[in-house]
$ cat protein_13.txt   # compact mmCIF, C-alpha atoms
# COMPACT_ATOMS: atom_id res chain seq x y z
CA MET H 1 33.87 17.47 119.05
CA ALA H 2 35.43 17.19 115.58
CA ALA H 3 32.42 19.01 114.09
CA ASN H 4 32.77 21.76 116.67
CA ALA H 5 36.45 22.22 115.80
CA ARG H 6 35.59 22.48 112.12
CA VAL H 7 33.04 25.21 112.83
CA TRP H 8 35.61 27.16 114.79
CA ARG H 9 38.15 26.75 112.09
CA ASN H 10 35.69 27.98 109.47
CA ARG H 11 34.87 30.98 111.66
CA LEU H 12 38.55 31.71 112.06
CA ILE H 13 39.09 31.56 108.30
CA ALA H 14 36.04 33.76 107.67
CA SER H 15 37.12 36.39 110.18
CA THR H 16 40.66 36.36 108.79
CA ILE H 17 39.32 36.98 105.29
CA LEU H 18 37.08 39.75 106.64
CA ALA H 19 40.01 41.36 108.47
CA VAL H 20 42.17 41.24 105.34
CA LEU H 21 39.35 42.81 103.31
CA VAL H 22 38.68 45.56 105.87
CA PHE H 23 42.33 46.50 106.49
CA GLY H 24 43.21 46.04 102.84
CA SER H 25 40.55 48.46 101.66
CA LEU H 26 41.51 50.85 104.46
CA GLY H 27 45.08 50.71 103.23
CA VAL H 28 44.08 51.29 99.61
CA GLY H 29 41.84 54.18 100.68
CA LEU H 30 44.65 55.70 102.69
CA ALA H 31 47.12 55.30 99.84
CA VAL H 32 44.70 56.92 97.37
CA GLY H 33 44.10 59.74 99.85
CA LEU H 34 47.82 60.22 100.35
CA PHE H 35 48.71 60.28 96.68
CA ARG H 36 45.77 62.37 95.50
CA PRO H 37 47.23 65.77 96.44
CA THR H 38 50.26 65.34 94.18
CA ALA H 39 48.19 63.79 91.40
CA GLN H 40 45.73 66.69 91.46
CA GLN H 41 48.34 69.41 91.94
CA THR H 42 46.57 70.98 94.89
CA VAL H 43 49.89 72.21 96.33
CA GLU H 44 50.17 75.94 95.78
CA ILE H 45 53.62 76.41 94.36
CA GLY H 46 54.46 79.14 91.87
CA GLY H 47 53.16 82.62 91.29
CA PRO H 48 53.90 85.97 89.73
CA PHE H 49 57.37 87.52 89.81
CA THR H 50 59.51 90.01 87.97
CA LEU H 51 63.23 89.32 87.87
CA THR H 52 66.22 90.38 85.77
CA ASP H 53 67.82 87.97 83.31
CA GLN H 54 71.55 87.53 82.72
CA ASN H 55 71.42 90.16 79.96
CA GLY H 56 70.03 92.75 82.36
CA ALA H 57 66.52 92.67 80.85
CA ALA H 58 63.34 92.52 82.95
CA PHE H 59 61.92 89.00 83.06
CA PRO H 60 58.30 88.80 84.29
CA ASP H 61 56.66 85.41 84.81
CA SER H 62 54.27 86.31 81.97
CA ASN H 63 57.22 85.49 79.66
CA LEU H 64 56.66 81.89 80.61
CA ARG H 65 53.08 81.41 79.45
CA GLY H 66 52.46 78.79 76.81
CA LYS H 67 55.41 76.52 77.58
CA PRO H 68 56.14 74.32 80.56
CA PHE H 69 59.19 75.36 82.56
CA THR H 70 61.50 74.27 85.35
CA VAL H 71 62.81 76.44 88.20
CA PHE H 72 65.96 75.83 90.19
CA PHE H 73 67.16 78.06 93.02
CA GLY H 74 70.89 78.35 93.57
CA PHE H 75 73.87 80.68 93.55
CA THR H 76 77.15 80.91 91.68
CA HIS H 77 79.33 80.56 94.83
CA CYS H 78 78.00 77.03 95.06
CA PRO H 79 80.61 74.28 94.90
CA GLU H 80 78.57 71.32 93.88
CA VAL H 81 74.79 71.23 93.70
CA CYS H 82 74.30 74.24 91.42
CA PRO H 83 76.93 73.54 88.75
CA THR H 84 75.99 69.86 88.80
CA THR H 85 72.29 70.60 88.41
CA LEU H 86 72.90 73.13 85.63
CA TRP H 87 75.18 70.64 83.90
CA GLU H 88 72.61 67.87 84.28
CA MET H 89 69.87 70.11 82.88
CA SER H 90 72.16 71.02 79.97
CA GLU H 91 72.64 67.32 79.31
CA ALA H 92 68.89 66.73 79.57
CA LEU H 93 68.19 69.52 77.04
CA LYS H 94 70.72 67.94 74.71
CA ALA H 95 69.06 64.55 75.13
CA LEU H 96 65.60 66.03 74.47
CA GLY H 97 66.73 67.13 71.02
CA PRO H 98 64.21 69.36 69.19
CA ASP H 99 61.71 68.88 72.05
CA ALA H 100 64.01 70.96 74.27
CA ASP H 101 62.57 74.07 72.62
CA LYS H 102 59.17 73.21 74.10
CA LEU H 103 60.62 73.74 77.55
CA ARG H 104 62.10 76.68 79.44
CA VAL H 105 64.72 76.16 82.12
CA LEU H 106 65.26 78.84 84.78
CA PHE H 107 68.06 79.25 87.31
CA ILE H 108 67.14 81.80 89.97
CA SER H 109 69.92 83.16 92.19
CA VAL H 110 69.22 83.32 95.91
CA ASP H 111 72.40 85.36 96.30
CA PRO H 112 71.51 88.54 94.35
CA MET H 113 74.12 90.55 96.25
CA ARG H 114 76.96 88.68 94.55
CA ASP H 115 75.11 87.34 91.51
CA THR H 116 74.69 90.44 89.39
CA PRO H 117 73.50 89.99 85.78
CA ASP H 118 77.15 90.29 84.68
CA VAL H 119 78.30 87.51 86.99
CA LEU H 120 75.34 85.34 85.94
CA SER H 121 75.94 86.02 82.27
CA ARG H 122 79.50 84.76 82.51
CA TYR H 123 78.55 81.79 84.67
CA MET H 124 75.74 80.67 82.38
CA GLN H 125 78.10 80.52 79.40
CA SER H 126 79.35 77.20 80.74
CA PHE H 127 75.93 75.61 80.34
CA ASP H 128 73.25 75.14 77.70
CA GLN H 129 72.55 78.58 76.26
CA ARG H 130 68.80 78.02 76.55
CA ILE H 131 68.97 78.07 80.35
CA VAL H 132 67.90 81.48 81.65
CA GLY H 133 69.77 82.87 84.67
CA LEU H 134 67.70 85.22 86.80
CA THR H 135 68.54 87.62 89.60
CA GLY H 136 66.95 90.72 91.09
CA SER H 137 66.67 92.83 94.21
CA GLU H 138 66.54 91.10 97.59
CA GLU H 139 62.77 91.80 97.61
CA ASP H 140 62.25 90.35 94.12
CA ILE H 141 64.09 87.18 95.11
CA ALA H 142 62.19 86.95 98.40
CA THR H 143 58.90 87.22 96.48
CA VAL H 144 59.69 84.46 94.01
CA GLY H 145 61.22 82.30 96.74
CA LYS H 146 58.06 82.58 98.81
CA ALA H 147 55.87 81.77 95.79
CA TYR H 148 57.84 78.59 95.16
CA ARG H 149 58.20 77.75 98.85
CA ALA H 150 61.92 77.63 98.30
CA TYR H 151 64.16 77.85 101.33
CA TRP H 152 67.59 79.35 101.72
CA GLU H 153 69.80 80.85 104.38
CA LYS H 154 73.23 82.35 104.59
CA ILE H 155 75.82 80.38 106.50
CA LEU H 156 78.62 82.60 107.75
CA THR H 157 82.12 81.23 107.44
CA ASP H 158 84.92 82.21 109.81
CA ASP H 159 86.10 85.40 108.10
CA GLY H 160 82.79 87.13 107.40
CA ASP H 161 82.34 85.38 104.07
CA TYR H 162 79.29 83.21 103.56
CA THR H 163 77.94 80.19 101.80
CA MET H 164 74.30 79.15 101.51
CA ASN H 165 71.93 76.34 102.29
CA HIS H 166 69.11 76.18 99.79
CA THR H 167 66.36 74.09 98.26
CA ALA H 168 68.09 71.84 95.77
CA SER H 169 65.06 70.37 94.02
CA ILE H 170 63.96 71.45 90.56
CA PHE H 171 60.34 72.61 90.35
CA MET H 172 58.44 71.50 87.25
CA MET H 173 55.67 73.87 86.14
CA ASP H 174 53.17 73.44 83.29
CA ALA H 175 52.38 75.89 80.47
CA ASP H 176 49.91 77.72 82.73
CA GLY H 177 52.44 78.10 85.54
CA ARG H 178 50.91 75.35 87.67
CA PHE H 179 53.12 73.14 89.81
CA ILE H 180 53.47 69.60 88.44
CA GLY H 181 56.18 68.08 90.62
CA THR H 182 59.86 68.15 91.47
CA ILE H 183 63.08 66.57 90.32
CA ALA H 184 65.27 65.75 93.30
CA TYR H 185 69.01 66.41 93.40
CA GLU H 186 70.86 63.26 92.36
CA GLU H 187 67.80 61.88 90.61
CA LYS H 188 69.02 59.43 87.99
CA ALA H 189 69.48 60.85 84.49
CA ASP H 190 66.85 58.59 82.91
CA VAL H 191 64.26 59.44 85.58
CA ARG H 192 64.98 63.14 85.15
CA LEU H 193 64.60 62.84 81.39
CA ALA H 194 61.37 60.85 81.69
CA LYS H 195 59.92 63.51 84.02
CA LEU H 196 60.87 66.30 81.61
CA LYS H 197 59.37 64.41 78.66
CA ARG H 198 56.14 63.98 80.59
CA LEU H 199 56.18 67.67 81.49
CA ILE H 200 56.61 68.61 77.81
CA SER H 201 53.90 66.24 76.59
CA GLY H 202 51.57 67.71 79.23
CA SER H 203 50.28 64.35 80.41
CA MET K 1 138.48 54.19 50.67
CA ARG K 2 134.73 53.78 50.29
CA ASN K 3 135.13 50.04 50.40
CA SER K 4 137.16 50.16 53.52
CA ILE K 5 134.43 52.21 55.28
CA ARG K 6 131.85 49.65 54.21
CA ASP K 7 134.10 46.88 55.42
CA ALA K 8 134.53 48.67 58.69
CA ALA K 9 130.73 49.07 58.97
CA ARG K 10 130.21 45.44 58.23
CA VAL K 11 132.75 44.48 60.86
CA ALA K 12 131.15 46.87 63.32
CA SER K 13 127.65 45.57 62.62
CA ASN K 14 128.83 42.05 63.25
CA THR K 15 130.62 43.10 66.39
CA TYR K 16 127.79 45.26 67.84
CA PRO K 17 124.53 43.46 67.05
CA LEU K 18 122.39 46.53 67.84
CA SER K 19 123.72 48.40 64.85
CA ARG K 20 122.23 45.71 62.65
CA PHE K 21 118.92 47.56 63.01
CA ARG K 22 119.76 49.91 60.23
CA SER K 23 116.40 50.71 58.68
CA ILE K 24 114.48 53.73 59.97
CA GLU K 25 111.50 51.47 60.81
CA GLU K 26 113.65 49.25 62.98
CA ARG K 27 115.13 52.22 64.78
CA LEU K 28 111.68 53.79 65.37
CA GLY K 29 110.48 50.44 66.63
CA ILE K 30 113.31 50.24 69.12
CA LEU K 31 112.69 53.80 70.21
CA ALA K 32 108.97 53.14 70.68
CA PHE K 33 109.69 49.97 72.61
CA THR K 34 112.19 51.73 74.86
CA THR K 35 109.74 54.57 75.50
CA MET K 36 107.02 52.10 76.38
CA LEU K 37 109.37 50.28 78.69
CA LEU K 38 110.37 53.51 80.38
CA PHE K 39 106.71 54.49 80.71
CA ALA K 40 105.84 51.13 82.20
CA MET K 41 108.71 51.45 84.66
CA THR K 42 107.63 54.92 85.79
CA GLN K 43 103.92 54.04 86.10
CA GLY K 44 104.16 54.57 89.84
CA LEU K 45 104.68 58.26 89.20
CA PHE K 46 101.48 58.56 87.19
CA ALA K 47 99.24 56.44 89.40
CA HIS K 48 97.95 59.53 91.20
CA GLU K 49 98.50 58.34 94.70
CA PHE K 50 100.21 60.16 97.51
CA LYS K 51 101.30 59.19 100.95
CA ALA K 52 101.56 61.02 104.24
CA GLY K 53 102.87 58.78 106.99
CA GLU K 54 100.36 55.97 107.33
CA ILE K 55 97.74 57.83 105.30
CA GLU K 56 97.35 56.78 101.69
CA ILE K 57 95.81 59.50 99.55
CA VAL K 58 94.04 58.17 96.48
CA HIS K 59 93.05 60.23 93.47
CA PRO K 60 92.53 63.82 94.56
CA TRP K 61 90.14 65.31 92.00
CA SER K 62 88.05 68.34 91.34
CA ARG K 63 85.48 69.42 88.82
CA ALA K 64 85.90 72.02 86.12
CA THR K 65 84.35 75.30 87.25
CA PRO K 66 81.82 77.35 85.29
CA ASP K 67 83.12 80.65 83.87
CA GLY K 68 83.83 83.20 86.56
CA ALA K 69 83.03 80.78 89.38
CA LYS K 70 84.60 81.69 92.72
CA VAL K 71 84.43 78.27 94.31
CA ALA K 72 85.36 74.70 93.48
CA ALA K 73 85.13 71.43 95.35
CA GLY K 74 87.90 68.90 95.84
CA TYR K 75 87.37 65.21 96.46
CA ILE K 76 89.68 62.52 97.71
CA THR K 77 89.88 59.06 99.23
CA LEU K 78 91.93 58.67 102.42
CA LYS K 79 93.07 55.28 103.72
CA ASN K 80 94.57 54.96 107.15
CA GLY K 81 96.91 51.98 107.10
CA GLY K 82 98.23 52.72 110.58
CA THR K 83 97.11 51.76 114.05
CA GLU K 84 96.33 55.31 115.21
CA PRO K 85 93.43 57.51 114.12
CA ASP K 86 94.33 60.69 112.26
CA ARG K 87 92.44 63.74 111.05
CA LEU K 88 92.51 65.75 107.86
CA ILE K 89 92.54 69.19 109.43
CA SER K 90 93.21 71.51 106.54
CA ALA K 91 93.95 71.75 102.85
CA THR K 92 95.13 74.27 100.29
CA GLY K 93 94.87 74.59 96.53
CA GLU K 94 96.98 76.83 94.34
CA ILE K 95 93.87 78.09 92.51
CA ALA K 96 92.18 79.20 95.74
CA GLY K 97 92.65 82.19 98.01
CA LYS K 98 91.18 80.22 100.86
CA THR K 99 90.36 76.57 101.44
CA GLU K 100 88.07 74.93 103.99
CA ILE K 101 86.73 71.45 104.63
CA HIS K 102 82.95 71.27 104.40
CA GLU K 103 80.28 68.71 104.86
CA MET K 104 77.35 68.83 102.47
CA ALA K 105 74.04 67.01 102.68
CA VAL K 106 70.59 67.17 101.11
CA ASP K 107 67.88 66.80 103.77
CA ALA K 108 64.43 65.19 103.52
CA ASN K 109 62.94 68.49 102.30
CA GLY K 110 65.37 68.66 99.40
CA VAL K 111 67.37 71.42 101.06
CA MET K 112 71.11 71.34 100.46
CA THR K 113 72.93 72.13 103.67
CA MET K 114 76.59 72.89 104.01
CA ARG K 115 78.71 73.45 107.06
CA PRO K 116 82.39 73.85 107.76
CA VAL K 117 83.69 70.73 109.49
CA GLU K 118 84.91 71.55 112.99
CA GLY K 119 88.19 69.86 113.83
CA GLY K 120 88.56 68.15 110.46
CA VAL K 121 87.62 64.76 109.09
CA GLU K 122 88.58 61.75 111.20
CA ILE K 123 90.18 58.73 109.54
CA ARG K 124 90.12 55.87 112.01
CA ALA K 125 92.90 53.30 112.09
CA GLY K 126 92.50 50.84 109.26
CA GLU K 127 89.55 52.70 107.78
CA THR K 128 88.90 54.56 104.55
CA VAL K 129 87.14 57.91 104.31
CA GLU K 130 85.85 59.24 101.01
CA LEU K 131 85.44 62.93 100.39
CA LYS K 132 82.96 62.74 97.55
CA PRO K 133 80.05 64.58 95.93
CA GLY K 134 77.12 64.66 98.32
CA ALA K 135 79.29 64.38 101.43
CA PHE K 136 82.56 65.87 102.70
CA HIS K 137 84.51 68.01 100.29
CA ILE K 138 87.44 70.35 100.25
CA MET K 139 86.00 73.77 99.44
CA PHE K 140 88.28 75.97 97.36
CA MET K 141 87.15 79.57 97.75
CA ASN K 142 88.10 82.98 96.36
CA LEU K 143 89.35 81.26 93.22
CA LYS K 144 92.18 83.12 91.52
CA GLN K 145 91.58 81.08 88.39
CA GLY K 146 89.08 78.50 87.27
CA ALA K 147 89.70 74.78 87.24
CA LYS K 148 89.90 73.54 83.66
CA GLN K 149 88.96 70.04 82.63
CA GLY K 150 91.95 67.84 81.90
CA GLU K 151 94.35 70.02 83.87
CA LYS K 152 95.79 69.54 87.30
CA PHE K 153 96.42 71.95 90.12
CA LYS K 154 98.71 71.64 93.09
CA GLY K 155 97.57 71.64 96.66
CA THR K 156 98.43 70.38 100.12
CA LEU K 157 96.66 68.30 102.71
CA THR K 158 97.49 68.64 106.38
CA PHE K 159 96.86 65.81 108.82
CA GLU K 160 96.96 66.13 112.58
CA LYS K 161 99.61 63.41 112.91
CA ALA K 162 100.87 62.63 109.42
CA GLY K 163 101.67 66.27 108.74
CA THR K 164 101.46 68.14 105.45
CA VAL K 165 101.79 66.51 102.06
CA ASP K 166 101.81 67.94 98.54
CA VAL K 167 99.15 66.57 96.20
CA GLU K 168 97.77 67.31 92.76
CA PHE K 169 94.08 67.62 92.01
CA ASP K 170 92.97 66.12 88.73
CA VAL K 171 90.26 68.31 87.14
CA GLN K 172 87.36 66.39 85.62
CA ALA K 173 84.23 67.61 83.74
CA ILE K 174 81.75 69.98 85.40
CA GLY K 175 79.30 67.19 86.09
CA GLY K 176 82.28 64.86 86.57
CA ALA K 177 80.62 61.50 86.89
CA THR K 178 81.26 59.32 89.87
CA GLU K 179 80.04 55.80 90.33
CA HIS K 180 77.44 57.14 92.75
CA ASN K 181 75.28 59.18 90.42
CA GLY K 182 73.95 57.67 87.28
CA HIS K 183 74.80 60.32 84.71
CA GLY K 184 73.72 58.77 81.47
CA GLY K 185 74.80 61.48 79.10
$ encode --input "protein_13.txt" --output "C-alpha cells"
Amino acid sequence: MAANARVWRNRLIASTILAVLVFGSLGVGLAVGLFRPTAQQTVEIGGPFTLTDQNGAAFPDSNLRGKPFTVFFGFTHCPEVCPTTLWEMSEALKALGPDADKLRVLFISVDPMRDTPDVLSRYMQSFDQRIVGLTGSEEDIATVGKAYRAYWEKILTDDGDYTMNHTASIFMMDADGRFIGTIAYEEKADVRLAKLKRLISGS
Amino acid sequence: MRNSIRDAARVASNTYPLSRFRSIEERLGILAFTTMLLFAMTQGLFAHEFKAGEIEIVHPWSRATPDGAKVAAGYITLKNGGTEPDRLISATGEIAGKTEIHEMAVDANGVMTMRPVEGGVEIRAGETVELKPGAFHIMFMNLKQGAKQGEKFKGTLTFEKAGTVDVEFDVQAIGGATEHNGHGG
C-alpha cells in the first residue's frame, strides 16, 4: 500500500514537471512570437512624402536619408501634448549634446489650414532650433499621415471652432527611413533619452 | 549752541531708546527686519489660494505658451470642504477670447483625445478634484496674448453653487514639470 502510494506520488511529480515544461516552452514560444514583429521591424510605417518646412521651402523625405529621425504629428492650437512634446524633445536634444546633430526631429502639422509656414515658423522659435516644423496641403498631410499610420480628427467646439484628437506618440525612424519604434507621450525623460541614444547608435 | 543740540540729542536718545540705533547699518537692519516681519504677516496673501464658498481653490497655474500660440491650458486643484457637491461650470482668463473646460486623455493606441466637458467638473462633498496635465484642464482659446513664464494672469472660476470667484493663474515653464511626469532636464 505504501509502495503504491509512492509510485503515484512519483507519477504526480513527473507529470507536474512535464506540464511545467510543456506550458513553459509554449509560453516562451508565444512570447518570442509576440515580440518578434517589433524586434524585426516588420510593421510598415513610414514612406515617401513632400511637405513644406517652416521657412516655406519644399521638404521631401529624401532630405532625411543618412540620419535617423523622429516624427511627431500635432498642431499649434494644441494646449498640452504638442508644446509639451516639443519641449521634451528640445530638452532631449540638449541632453544629447553633440550627438543631437546625428538626429533629425520633425513636427508635422495635422492642421495645415491654420498652421501655415508663417504660423509654424513663429511657433517653432520657442523650441530647439533644430526641430523642423512641416506643413503642406490637405492631400500632402493625408499622404504622410497614412504612411505613418497616424490618426487625427477634428472635434468641433460649440461655436464652429475646432480642436483635434491625434496620435501623440513619436515615431522613431532609422537612417534608411525604416520604422524602429515609438516614444509614448509621458514617457519618462530617461527612457526617452535612452531610446534616442539607441536610435542614433543604430543598434 | 552746538553743545546744547548734542545735549538735547543725548537726552532724546536716552528718552527714546529706538533713536539709539544711529548707525546706518543698524537702521538698515531694523528696516530689513521690519520688512521681513511685514512679509511674514502678509504671507496669506501670497499663498496662492482662493476660496469660493466651501470650495478651496489651490494654485491655479498655466504653462508658458510657444510664440504665436492661440491656446493655453489652465490647471487647478479644487477641494470641497462642504457637505454638498458642487460643479465647476465655467472659467475665464484675461488672456483668452474664449475659455472652455476640457477633458484630455491618451488612449491605448497613443491617440490624444480631447472633449469639452458637458455640465462641468463635479467636486463631491469632502473630495478633491485636480485639473492637471493629462486629465481635465481649463482651455484658454483665441489668446489675445501669450502666457509668459513667471507672470500671472487674472481669471474667474464659476461654480454651480459657490458662484464666481476671481483667481490668478501662475504661469510656469512650457514643459512646466508636475510631480506626475518625470522631466529630468
$ interface_residues --input "protein_13.txt" --of "chain H" --to "chain K" --cutoff "7 Å" --atoms "all atoms listed in the file" --output "list in words"
Thr76, His77, Cys78, Pro79, Glu80, Pro83, Thr84, Trp87, Glu88, Glu91, Arg122, Tyr123, Gln125, Ser126, Asn165, His166, Thr167, Ala168, Ser169, Ala184, Glu186, Lys188 and Ala189 of chain H
$ atom_distance --input "protein_13.txt" --atom1 "atom CA of K:Ile5" --atom2 "atom CA of K:Ile30"
25.3 Å
$ closest_residue --input "protein_13.txt" --among "K:Gln145, K:Thr158, K:Asn80, K:Ser23" --to "K:Gly119" --atoms "all atoms listed in the file"
K:Thr158
$ residues_around --input "protein_13.txt" --residues "H:Gly136" --least-positions-apart "6" --cutoff "7 Å" --atoms "all atoms listed in the file" --output "count of residues only"
3
$ atom_distance --input "protein_13.txt" --atom1 "atom CA of H:Ile45" --atom2 "atom CA of H:Asp140"
16.4 Å
$ atom_distance --input "protein_13.txt" --atom1 "atom CA of K:Thr99" --atom2 "atom CA of H:Ile155"
15.9 Å
